[in-house]
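Heads up, the thing below is written out as structure tokens.
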Amino acid sequence: MSIKRQKSGKGEKLTITNLRVFAGKKEILKGISLSVRSGEVHAIMGPNGSGKSTFAQALMGCPQYTVRKTGIWLGKRNIVDLPTDERAGLGLFLAFQSPVAIAGVGVLSLLRTSYQETHRAAGVDKVRSPFIQNTLLARRWRAAGLTVSEFMDKVKSRTDFLHIDRSFLERAVNDGFSGGEKKKSEMLQALVLSPKFAIFDEIDTGLDVDALKVAAAGILKLQKGGSGIIIITHYQRILRYIKPDFVHVLVGGRIVESGKADLAKQIEKEGYGKYINNEKSII
């Protein structure tokens, strides 16, 4: 099935209704509802084991999980039954908490192929679209909106923006990368692909202060471009540089409180103790 990427614009919305997610027979997420508009930043905070990463992966269609009685709407389309690649083609992006190494695949090759697959030119058959091996073969370019030269300029500008040496583009994806380099690689993918909605699963983990500021600048750049953002984190450290429009506390597979940016400061000061105790009392 071929998915034609819709143009992004004001008024886009990602709507999750009553999201229930199971790993085998175990229910991990127990009815989450959330709505994210273009240009909004939502922070999902919670202790270890609360279901934050499961939430991110379920939105992206990870086959490890079973989703029941829910809707995941991207605009007017319910994407809950679509595979991951088709969700990506419609403008959904996930930056992984622990991205895996892909030996033999260069960062630039991944960026170029991903861009072509998510920004497909009209009339191009997905099945026949080749993986690009030589990045200079413009005649094999299959993406809409940019020429191959403009795409390369975009990649280089985003690399410079993240303070990444351009030699990074020729390395194998995450192969031998430090923790910080993996997170920069995920952020570079997001900035190049310009998704409608981007989910960052603990993008701040393992980053020093300087790298954290760079990651925050990348998220703000996406927001300014109109992307809706979901930041999943334990702590407030990255939220010191990004003021979220909404903060949601996820405990025991449920959103137990939502509020504005001050809620993150309250959690930093008081911790999750009261939410965990309330969850135990419910059980």
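Starting from 1 in every chain, residues are counted up; chains themselves are A, B, ... following the order of the structure tokens, and ligands are numbered from 1 as listed.
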Name all residues at most 6 Å from Ala172 of chain A (count only C-alpha atoms; drop same-chain ones fewer than 3 positions away) and give them as a short mmCIF file (atom, residue, chain, number, x, y, z; two decimals) with N, CA and C atoms, in the first residue's frame.
data_model
loop_
_atom_site.label_atom_id
_atom_site.label_comp_id
_atom_site.auth_asym_id
_atom_site.auth_seq_id
_atom_site.Cartn_x
_atom_site.Cartn_y
_atom_site.Cartn_z
N ALA A 103 25.19 -1.91 11.35
CA ALA A 103 26.50 -2.02 10.71
C ALA A 103 26.34 -2.05 9.19
N GLY A 104 27.21 -1.32 8.50
CA GLY A 104 27.20 -1.32 7.05
C GLY A 104 26.28 -0.30 6.41
N VAL A 105 25.47 0.39 7.21
CA VAL A 105 24.57 1.42 6.67
C VAL A 105 25.05 2.78 7.18
N GLY A 106 25.44 3.64 6.26
CA GLY A 106 25.94 4.95 6.65
C GLY A 106 24.83 5.87 7.10
N VAL A 107 25.17 6.83 7.95
CA VAL A 107 24.19 7.79 8.45
C VAL A 107 23.54 8.54 7.30
N ASP A 175 27.01 2.57 15.10
CA ASP A 175 28.04 1.54 15.27
C ASP A 175 29.27 2.16 15.94
#
Do you have, as a tab-separated table, the list of residues of segment 159-258 of chain A lying at most 12 Å from segment 54-74 of chain A, each with its nearest atom pair and that distance in Å to one decimal, counting only C-alpha atoms and ordered by chain then number?
residue	atom	partner	partner_atom	distance
A:Pro195	CA	A:Leu74	CA	11.9
A:Lys196	CA	A:Leu74	CA	9.1
A:Phe197	CA	A:Leu74	CA	9.0
A:Ala198	CA	A:Ala56	CA	10.0
A:Ile199	CA	A:Ala56	CA	6.7
A:Phe200	CA	A:Ala56	CA	8.1
A:Asp201	CA	A:Ala56	CA	6.9
A:Glu202	CA	A:Ala56	CA	10.3
A:Gly228	CA	A:Leu74	CA	11.2
A:Ile229	CA	A:Ala56	CA	11.8
A:Ile230	CA	A:Ala56	CA	8.9
A:Ile231	CA	A:Ala56	CA	9.6
A:Ile232	CA	A:Ala56	CA	8.1
A:Thr233	CA	A:Ala56	CA	11.4
A:Leu250	CA	A:Phe55	CA	9.8
A:Val251	CA	A:Phe55	CA	11.8
A:Gly252	CA	A:Thr54	CA	11.7
A:Gly253	CA	A:Phe55	CA	8.8
A:Arg254	CA	A:Phe55	CA	10.4
A:Ile255	CA	A:Phe55	CA	11.1
Using N, CA and C atoms, can you write the selected residues to a file as a JSON list (two decimals), in the first residue's frame?
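The result, stored in selection.json:
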[["chain", "number", "residue", "atom", "x", "y", "z"],
["A", 195, "PRO", "N", 9.10, 15.90, 10.73],
["A", 195, "PRO", "CA", 7.82, 15.20, 10.87],
["A", 195, "PRO", "C", 6.71, 16.12, 11.35],
["A", 196, "LYS", "N", 5.47, 15.69, 11.15],
["A", 196, "LYS", "CA", 4.35, 16.44, 11.70],
["A", 196, "LYS", "C", 4.33, 16.34, 13.22],
["A", 197, "PHE", "N", 4.64, 15.13, 13.71],
["A", 197, "PHE", "CA", 4.67, 14.90, 15.16],
["A", 197, "PHE", "C", 5.89, 14.06, 15.51],
["A", 198, "ALA", "N", 6.67, 14.54, 16.47],
["A", 198, "ALA", "CA", 7.90, 13.87, 16.87],
["A", 198, "ALA", "C", 7.82, 13.47, 18.34],
["A", 199, "ILE", "N", 8.17, 12.22, 18.61],
["A", 199, "ILE", "CA", 8.18, 11.68, 19.97],
["A", 199, "ILE", "C", 9.63, 11.44, 20.37],
["A", 200, "PHE", "N", 10.07, 12.01, 21.47],
["A", 200, "PHE", "CA", 11.44, 11.86, 21.94],
["A", 200, "PHE", "C", 11.42, 11.07, 23.25],
["A", 201, "ASP", "N", 11.89, 9.82, 23.16],
["A", 201, "ASP", "CA", 11.89, 8.94, 24.33],
["A", 201, "ASP", "C", 13.20, 9.09, 25.09],
["A", 202, "GLU", "N", 13.18, 9.90, 26.14],
["A", 202, "GLU", "CA", 14.33, 10.14, 27.01],
["A", 202, "GLU", "C", 15.55, 10.58, 26.20],
["A", 228, "GLY", "N", 4.37, 19.00, 16.13],
["A", 228, "GLY", "CA", 3.91, 18.74, 17.49],
["A", 228, "GLY", "C", 4.93, 17.83, 18.16],
["A", 229, "ILE", "N", 5.22, 18.08, 19.43],
["A", 229, "ILE", "CA", 6.30, 17.39, 20.12],
["A", 229, "ILE", "C", 5.78, 16.68, 21.38],
["A", 230, "ILE", "N", 6.22, 15.43, 21.55],
["A", 230, "ILE", "CA", 6.02, 14.72, 22.81],
["A", 230, "ILE", "C", 7.40, 14.37, 23.37],
["A", 231, "ILE", "N", 7.71, 14.89, 24.54],
["A", 231, "ILE", "CA", 8.98, 14.60, 25.20],
["A", 231, "ILE", "C", 8.71, 13.67, 26.37],
["A", 232, "ILE", "N", 9.34, 12.51, 26.37],
["A", 232, "ILE", "CA", 9.20, 11.54, 27.45],
["A", 232, "ILE", "C", 10.46, 11.61, 28.30],
["A", 233, "THR", "N", 10.30, 11.85, 29.60],
["A", 233, "THR", "CA", 11.47, 12.04, 30.45],
["A", 233, "THR", "C", 11.15, 11.72, 31.91],
["A", 250, "LEU", "N", 2.58, 10.17, 34.18],
["A", 250, "LEU", "CA", 2.17, 8.80, 33.87],
["A", 250, "LEU", "C", 2.68, 7.87, 34.96],
["A", 251, "VAL", "N", 1.77, 7.22, 35.64],
["A", 251, "VAL", "CA", 2.11, 6.28, 36.72],
["A", 251, "VAL", "C", 1.21, 5.06, 36.60],
["A", 252, "GLY", "N", 1.81, 3.88, 36.64],
["A", 252, "GLY", "CA", 1.02, 2.66, 36.60],
["A", 252, "GLY", "C", 0.18, 2.50, 35.35],
["A", 253, "GLY", "N", 0.66, 3.06, 34.23],
["A", 253, "GLY", "CA", -0.07, 2.92, 32.98],
["A", 253, "GLY", "C", -1.22, 3.88, 32.80],
["A", 254, "ARG", "N", -1.32, 4.87, 33.70],
["A", 254, "ARG", "CA", -2.40, 5.86, 33.60],
["A", 254, "ARG", "C", -1.83, 7.27, 33.70],
["A", 255, "ILE", "N", -2.44, 8.23, 33.03],
["A", 255, "ILE", "CA", -2.11, 9.64, 33.25],
["A", 255, "ILE", "C", -2.89, 10.08, 34.49]]
Exercise for the section: Give me the residues within 12 Å of segment 151-157 of chain A as a ChimeraX atom specification, counting only C-alpha atoms and dropping any in the same chain fewer than 4 places off. Expected result: /A:107-116,119,135-136,138,141-147,161-169,185,187-194
Residues from the last selection, N, CA and C atoms, saved as a CSV table (one decimal), in the first residue's frame:
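Produced file part14.csv, reproduced below:
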chain,number,residue,atom,x,y,z
A,107,VAL,N,25.2,6.8,8.0
A,107,VAL,CA,24.2,7.8,8.5
A,107,VAL,C,23.5,8.5,7.3
A,108,LEU,N,24.3,9.0,6.3
A,108,LEU,CA,23.8,9.7,5.2
A,108,LEU,C,22.9,8.9,4.4
A,109,SER,N,23.2,7.6,4.2
A,109,SER,CA,22.4,6.7,3.4
A,109,SER,C,21.0,6.5,4.1
A,110,LEU,N,21.1,6.4,5.4
A,110,LEU,CA,19.8,6.2,6.2
A,110,LEU,C,19.0,7.5,6.1
A,111,LEU,N,19.6,8.7,6.2
A,111,LEU,CA,18.8,9.9,6.1
A,111,LEU,C,18.2,10.1,4.7
A,112,ARG,N,19.0,9.8,3.7
A,112,ARG,CA,18.4,9.9,2.3
A,112,ARG,C,17.3,9.0,2.0
A,113,THR,N,17.5,7.7,2.4
A,113,THR,CA,16.4,6.7,2.1
A,113,THR,C,15.2,7.0,3.0
A,114,SER,N,15.4,7.4,4.2
A,114,SER,CA,14.3,7.7,5.1
A,114,SER,C,13.5,8.9,4.6
A,115,TYR,N,14.2,9.9,4.1
A,115,TYR,CA,13.6,11.1,3.5
A,115,TYR,C,12.7,10.7,2.3
A,116,GLN,N,13.3,9.9,1.4
A,116,GLN,CA,12.6,9.5,0.2
A,116,GLN,C,11.3,8.7,0.6
A,119,HIS,N,8.8,11.3,2.3
A,119,HIS,CA,8.4,12.4,1.5
A,119,HIS,C,8.3,12.0,0.0
A,135,THR,N,25.0,8.4,-3.1
A,135,THR,CA,24.3,9.6,-2.7
A,135,THR,C,24.4,10.7,-3.8
A,136,LEU,N,25.2,10.5,-4.8
A,136,LEU,CA,25.4,11.5,-5.9
A,136,LEU,C,24.5,11.2,-7.1
A,138,ALA,N,21.6,11.7,-8.5
A,138,ALA,CA,20.4,12.5,-8.4
A,138,ALA,C,19.2,11.9,-9.3
A,141,TRP,N,16.6,10.0,-7.4
A,141,TRP,CA,15.9,10.7,-6.4
A,141,TRP,C,14.4,10.6,-6.5
A,142,ARG,N,13.8,10.2,-5.4
A,142,ARG,CA,12.4,9.8,-5.4
A,142,ARG,C,11.5,10.6,-4.4
A,143,ALA,N,12.0,11.8,-4.0
A,143,ALA,CA,11.3,12.6,-3.0
A,143,ALA,C,10.7,13.8,-3.6
A,144,ALA,N,9.7,14.3,-2.9
A,144,ALA,CA,9.0,15.5,-3.4
A,144,ALA,C,9.5,16.7,-2.5
A,145,GLY,N,9.4,17.9,-3.0
A,145,GLY,CA,9.6,19.1,-2.2
A,145,GLY,C,11.0,19.6,-2.3
A,146,LEU,N,12.1,18.7,-2.4
A,146,LEU,CA,13.4,19.2,-2.5
A,146,LEU,C,14.2,18.5,-3.6
A,147,THR,N,15.1,19.2,-4.3
A,147,THR,CA,16.0,18.5,-5.2
A,147,THR,C,17.1,17.8,-4.4
A,161,PHE,N,24.1,22.7,12.7
A,161,PHE,CA,23.3,23.2,13.8
A,161,PHE,C,23.5,22.4,15.1
A,162,LEU,N,23.7,21.1,14.9
A,162,LEU,CA,23.8,20.2,16.1
A,162,LEU,C,25.3,20.1,16.5
A,163,HIS,N,26.2,20.8,15.9
A,163,HIS,CA,27.6,20.8,16.2
A,163,HIS,C,28.2,19.4,16.0
A,164,ILE,N,27.8,18.8,14.9
A,164,ILE,CA,28.3,17.5,14.5
A,164,ILE,C,29.3,17.6,13.4
A,165,ASP,N,30.4,17.0,13.5
A,165,ASP,CA,31.4,17.0,12.4
A,165,ASP,C,30.8,16.3,11.2
A,166,ARG,N,31.0,16.8,10.0
A,166,ARG,CA,30.3,16.2,8.8
A,166,ARG,C,30.8,14.8,8.5
A,167,SER,N,32.0,14.5,9.0
A,167,SER,CA,32.5,13.1,8.8
A,167,SER,C,31.6,12.1,9.5
A,168,PHE,N,30.8,12.5,10.4
A,168,PHE,CA,29.8,11.7,11.1
A,168,PHE,C,28.8,11.1,10.1
A,169,LEU,N,28.5,11.8,9.0
A,169,LEU,CA,27.6,11.3,8.0
A,169,LEU,C,28.0,10.0,7.3
A,185,SER,N,22.4,11.6,16.7
A,185,SER,CA,21.9,11.0,15.5
A,185,SER,C,20.4,10.9,15.4
A,187,MET,N,18.4,13.0,16.8
A,187,MET,CA,17.9,14.4,16.6
A,187,MET,C,18.2,14.9,15.2
A,188,LEU,N,19.3,14.4,14.6
A,188,LEU,CA,19.6,14.8,13.2
A,188,LEU,C,18.5,14.2,12.3
A,189,GLN,N,18.1,13.0,12.6
A,189,GLN,CA,17.1,12.4,11.7
A,189,GLN,C,15.8,13.2,11.8
A,190,ALA,N,15.4,13.6,13.0
A,190,ALA,CA,14.2,14.4,13.2
A,190,ALA,C,14.2,15.7,12.5
A,191,LEU,N,15.4,16.4,12.5
A,191,LEU,CA,15.5,17.7,11.9
A,191,LEU,C,15.5,17.6,10.4
A,192,VAL,N,16.1,16.5,9.9
A,192,VAL,CA,16.1,16.3,8.4
A,192,VAL,C,14.7,15.9,7.9
A,193,LEU,N,14.0,15.0,8.6
A,193,LEU,CA,12.7,14.5,8.2
A,193,LEU,C,11.6,15.5,8.4
A,194,SER,N,11.7,16.4,9.3
A,194,SER,CA,10.7,17.4,9.6
A,194,SER,C,9.3,16.8,9.7
Practice task
Excluding segment 30-46 of chain A and residues on its chain fewer than 2 positions from it, collect all residues at most 8 Å away from it, counting only C-alpha atoms, and give them as a PyMOL selection string.
Solution key: chain A and resi 9-21+27-28+48+50+52+196-197+223-235+243-251+253-255+264+272
Exercise for the section: Just the residues within 9 Å of Asn174 of chain A, please, counting only C-alpha atoms, with nothing from its chain fewer than 4 positions along; format it as a PyMOL selection string. Expected result: chain A and resi 99-103+107+178+181-182+185
Problem - Every residue of segment 16-105 of chain A that DSSP places in strand (DSSP E), as number ranges by chain - result: A: 16-23, 26-37, 41-45, 66-68, 71-74, 77-78, 92-95, 102-105
Those same residues, written as a short mmCIF file (atom, residue, chain, number, x, y, z; two decimals), in the first residue's frame with N, CA and C atoms?
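What follows is the written file result35.cif:
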data_model
loop_
_atom_site.label_atom_id
_atom_site.label_comp_id
_atom_site.auth_asym_id
_atom_site.auth_seq_id
_atom_site.Cartn_x
_atom_site.Cartn_y
_atom_site.Cartn_z
N ILE A 16 -5.06 10.67 20.71
CA ILE A 16 -5.05 9.31 21.25
C ILE A 16 -6.26 9.16 22.17
N THR A 17 -7.07 8.15 21.92
CA THR A 17 -8.27 7.95 22.74
C THR A 17 -8.26 6.57 23.36
N ASN A 18 -8.31 6.53 24.67
CA ASN A 18 -8.45 5.29 25.44
C ASN A 18 -7.42 4.23 25.01
N LEU A 19 -6.16 4.63 25.00
CA LEU A 19 -5.08 3.72 24.56
C LEU A 19 -4.81 2.66 25.62
N ARG A 20 -5.14 1.42 25.27
CA ARG A 20 -4.86 0.26 26.13
C ARG A 20 -3.87 -0.64 25.41
N VAL A 21 -2.75 -0.93 26.07
CA VAL A 21 -1.66 -1.67 25.43
C VAL A 21 -1.28 -2.86 26.31
N PHE A 22 -1.11 -4.01 25.65
CA PHE A 22 -0.79 -5.25 26.34
C PHE A 22 0.52 -5.82 25.80
N ALA A 23 1.32 -6.40 26.70
CA ALA A 23 2.46 -7.23 26.33
C ALA A 23 2.07 -8.65 26.76
N LYS A 26 -0.38 -9.14 29.91
CA LYS A 26 -0.20 -8.07 30.88
C LYS A 26 -0.59 -6.72 30.28
N GLU A 27 -1.50 -6.03 30.94
CA GLU A 27 -1.89 -4.70 30.50
C GLU A 27 -0.91 -3.68 31.05
N ILE A 28 -0.27 -2.94 30.14
CA ILE A 28 0.74 -1.95 30.54
C ILE A 28 0.15 -0.54 30.56
N LEU A 29 -0.56 -0.18 29.50
CA LEU A 29 -1.23 1.11 29.45
C LEU A 29 -2.73 0.89 29.57
N LYS A 30 -3.37 1.66 30.45
CA LYS A 30 -4.72 1.32 30.90
C LYS A 30 -5.74 2.41 30.58
N GLY A 31 -5.68 2.90 29.33
CA GLY A 31 -6.68 3.86 28.90
C GLY A 31 -6.18 5.29 28.88
N ILE A 32 -5.19 5.56 28.05
CA ILE A 32 -4.61 6.90 27.96
C ILE A 32 -5.28 7.68 26.83
N SER A 33 -5.69 8.90 27.14
CA SER A 33 -6.24 9.81 26.13
C SER A 33 -5.44 11.10 26.15
N LEU A 34 -5.08 11.57 24.95
CA LEU A 34 -4.19 12.73 24.83
C LEU A 34 -4.38 13.36 23.46
N SER A 35 -4.27 14.67 23.40
CA SER A 35 -4.39 15.38 22.13
C SER A 35 -3.24 16.38 22.01
N VAL A 36 -2.50 16.29 20.90
CA VAL A 36 -1.35 17.16 20.65
C VAL A 36 -1.56 17.89 19.34
N ARG A 37 -1.50 19.21 19.37
CA ARG A 37 -1.67 20.01 18.16
C ARG A 37 -0.31 20.42 17.59
N VAL A 41 4.17 21.48 22.64
CA VAL A 41 5.12 20.57 23.30
C VAL A 41 4.44 19.98 24.52
N HIS A 42 4.35 18.65 24.54
CA HIS A 42 3.79 17.92 25.67
C HIS A 42 4.91 17.10 26.30
N ALA A 43 5.04 17.18 27.60
CA ALA A 43 6.01 16.37 28.33
C ALA A 43 5.27 15.25 29.07
N ILE A 44 5.74 14.02 28.87
CA ILE A 44 5.23 12.86 29.61
C ILE A 44 6.27 12.49 30.64
N MET A 45 5.94 12.62 31.92
CA MET A 45 6.88 12.35 32.99
C MET A 45 6.36 11.21 33.87
N THR A 66 0.21 -5.38 21.85
CA THR A 66 -1.15 -5.49 21.32
C THR A 66 -1.95 -4.29 21.81
N VAL A 67 -2.58 -3.59 20.88
CA VAL A 67 -3.38 -2.40 21.21
C VAL A 67 -4.85 -2.76 21.08
N ARG A 68 -5.64 -2.41 22.09
CA ARG A 68 -7.06 -2.75 22.09
C ARG A 68 -7.93 -1.54 22.40
N GLY A 71 -8.19 4.52 19.58
CA GLY A 71 -7.99 5.22 18.32
C GLY A 71 -6.74 6.06 18.42
N ILE A 72 -5.92 6.03 17.38
CA ILE A 72 -4.76 6.91 17.28
C ILE A 72 -4.95 7.68 15.97
N TRP A 73 -5.41 8.90 16.12
CA TRP A 73 -5.81 9.69 14.96
C TRP A 73 -4.73 10.70 14.60
N LEU A 74 -4.27 10.65 13.35
CA LEU A 74 -3.39 11.69 12.83
C LEU A 74 -4.23 12.49 11.85
N ARG A 77 -7.39 10.67 10.10
CA ARG A 77 -7.12 9.27 9.80
C ARG A 77 -6.74 8.50 11.05
N ASN A 78 -7.43 7.39 11.29
CA ASN A 78 -7.10 6.49 12.39
C ASN A 78 -5.97 5.57 11.92
N LEU A 92 4.71 10.73 11.37
CA LEU A 92 5.00 10.42 12.77
C LEU A 92 6.44 9.96 12.90
N PHE A 93 7.13 10.42 13.93
CA PHE A 93 8.55 10.10 14.12
C PHE A 93 8.81 9.75 15.57
N LEU A 94 9.66 8.75 15.79
CA LEU A 94 10.06 8.37 17.14
C LEU A 94 11.57 8.34 17.24
N ALA A 95 12.12 9.10 18.19
CA ALA A 95 13.54 9.02 18.54
C ALA A 95 13.66 8.03 19.69
N ILE A 102 23.41 -0.21 13.23
CA ILE A 102 23.12 -0.82 11.93
C ILE A 102 24.42 -0.85 11.15
N ALA A 103 25.19 -1.91 11.35
CA ALA A 103 26.50 -2.02 10.71
C ALA A 103 26.34 -2.05 9.19
N GLY A 104 27.21 -1.32 8.50
CA GLY A 104 27.20 -1.32 7.05
C GLY A 104 26.28 -0.30 6.41
N VAL A 105 25.47 0.39 7.21
CA VAL A 105 24.57 1.42 6.67
C VAL A 105 25.05 2.78 7.18
#
Problem - Spatial neighbours of Tyr241 of chain A, max dist 9 Å, only C-alpha atoms, sep filter under 5 positions, as a ChimeraX atom specification - result: /A:212-213,216-217
Practice task
Could you pull out the residues in segment 77-262 of chain A that DSSP calls alpha helix (DSSP H) from the backbone, as number ranges by chain?
Solution key: A: 84-89, 107-118, 148-161, 179-193, 209-224, 262
Would you put the residues from that selection into a file with C-alpha atoms, as a short mmCIF file (atom, residue, chain, number, x, y, z; two decimals), in the first residue's frame?
data_model
loop_
_atom_site.label_atom_id
_atom_site.label_comp_id
_atom_site.auth_asym_id
_atom_site.auth_seq_id
_atom_site.Cartn_x
_atom_site.Cartn_y
_atom_site.Cartn_z
CA THR A 84 5.24 1.52 11.37
CA ASP A 85 6.51 2.57 7.95
CA GLU A 86 3.11 3.88 6.91
CA ARG A 87 2.75 5.84 10.15
CA ALA A 88 6.15 7.38 9.41
CA GLY A 89 5.01 8.20 5.88
CA VAL A 107 24.19 7.79 8.45
CA LEU A 108 23.78 9.73 5.21
CA SER A 109 22.36 6.70 3.41
CA LEU A 110 19.82 6.25 6.20
CA LEU A 111 18.84 9.92 6.09
CA ARG A 112 18.44 9.95 2.34
CA THR A 113 16.44 6.73 2.13
CA SER A 114 14.26 7.73 5.10
CA TYR A 115 13.56 11.11 3.53
CA GLN A 116 12.56 9.51 0.24
CA GLU A 117 10.28 7.01 1.96
CA THR A 118 8.53 9.64 4.08
CA VAL A 148 18.87 16.19 -4.24
CA SER A 149 21.14 19.23 -4.00
CA GLU A 150 18.70 21.02 -1.69
CA PHE A 151 18.40 17.87 0.40
CA MET A 152 22.18 17.69 0.83
CA ASP A 153 22.25 21.36 1.84
CA LYS A 154 19.56 20.63 4.41
CA VAL A 155 21.51 17.69 5.85
CA LYS A 156 24.70 19.74 6.12
CA SER A 157 22.94 22.69 7.75
CA ARG A 158 21.25 20.43 10.31
CA THR A 159 24.57 18.70 11.01
CA ASP A 160 26.22 22.06 11.62
CA PHE A 161 23.29 23.20 13.76
CA GLY A 179 25.53 7.57 24.15
CA GLY A 180 25.64 11.25 23.25
CA GLU A 181 26.37 10.53 19.58
CA LYS A 182 23.38 8.18 19.39
CA LYS A 183 21.10 10.91 20.74
CA LYS A 184 22.52 13.44 18.28
CA SER A 185 21.94 10.96 15.47
CA GLU A 186 18.27 10.63 16.48
CA MET A 187 17.92 14.41 16.64
CA LEU A 188 19.58 14.79 13.24
CA GLN A 189 17.06 12.36 11.74
CA ALA A 190 14.18 14.36 13.23
CA LEU A 191 15.50 17.67 11.90
CA VAL A 192 16.08 16.28 8.41
CA LEU A 193 12.73 14.48 8.16
CA VAL A 209 24.92 20.10 29.82
CA ASP A 210 26.25 21.27 26.45
CA ALA A 211 24.74 18.32 24.56
CA LEU A 212 21.49 18.80 26.43
CA LYS A 213 21.28 22.41 25.26
CA VAL A 214 21.89 21.29 21.66
CA ALA A 215 19.13 18.65 21.91
CA ALA A 216 16.75 21.25 23.35
CA ALA A 217 17.62 23.66 20.53
CA GLY A 218 16.78 20.93 18.02
CA ILE A 219 13.37 20.34 19.59
CA LEU A 220 12.65 24.07 19.62
CA LYS A 221 13.59 24.27 15.94
CA LEU A 222 11.10 21.50 15.15
CA GLN A 223 8.42 23.24 17.21
CA LYS A 224 9.05 26.52 15.39
CA ASP A 262 4.99 24.41 36.66
#
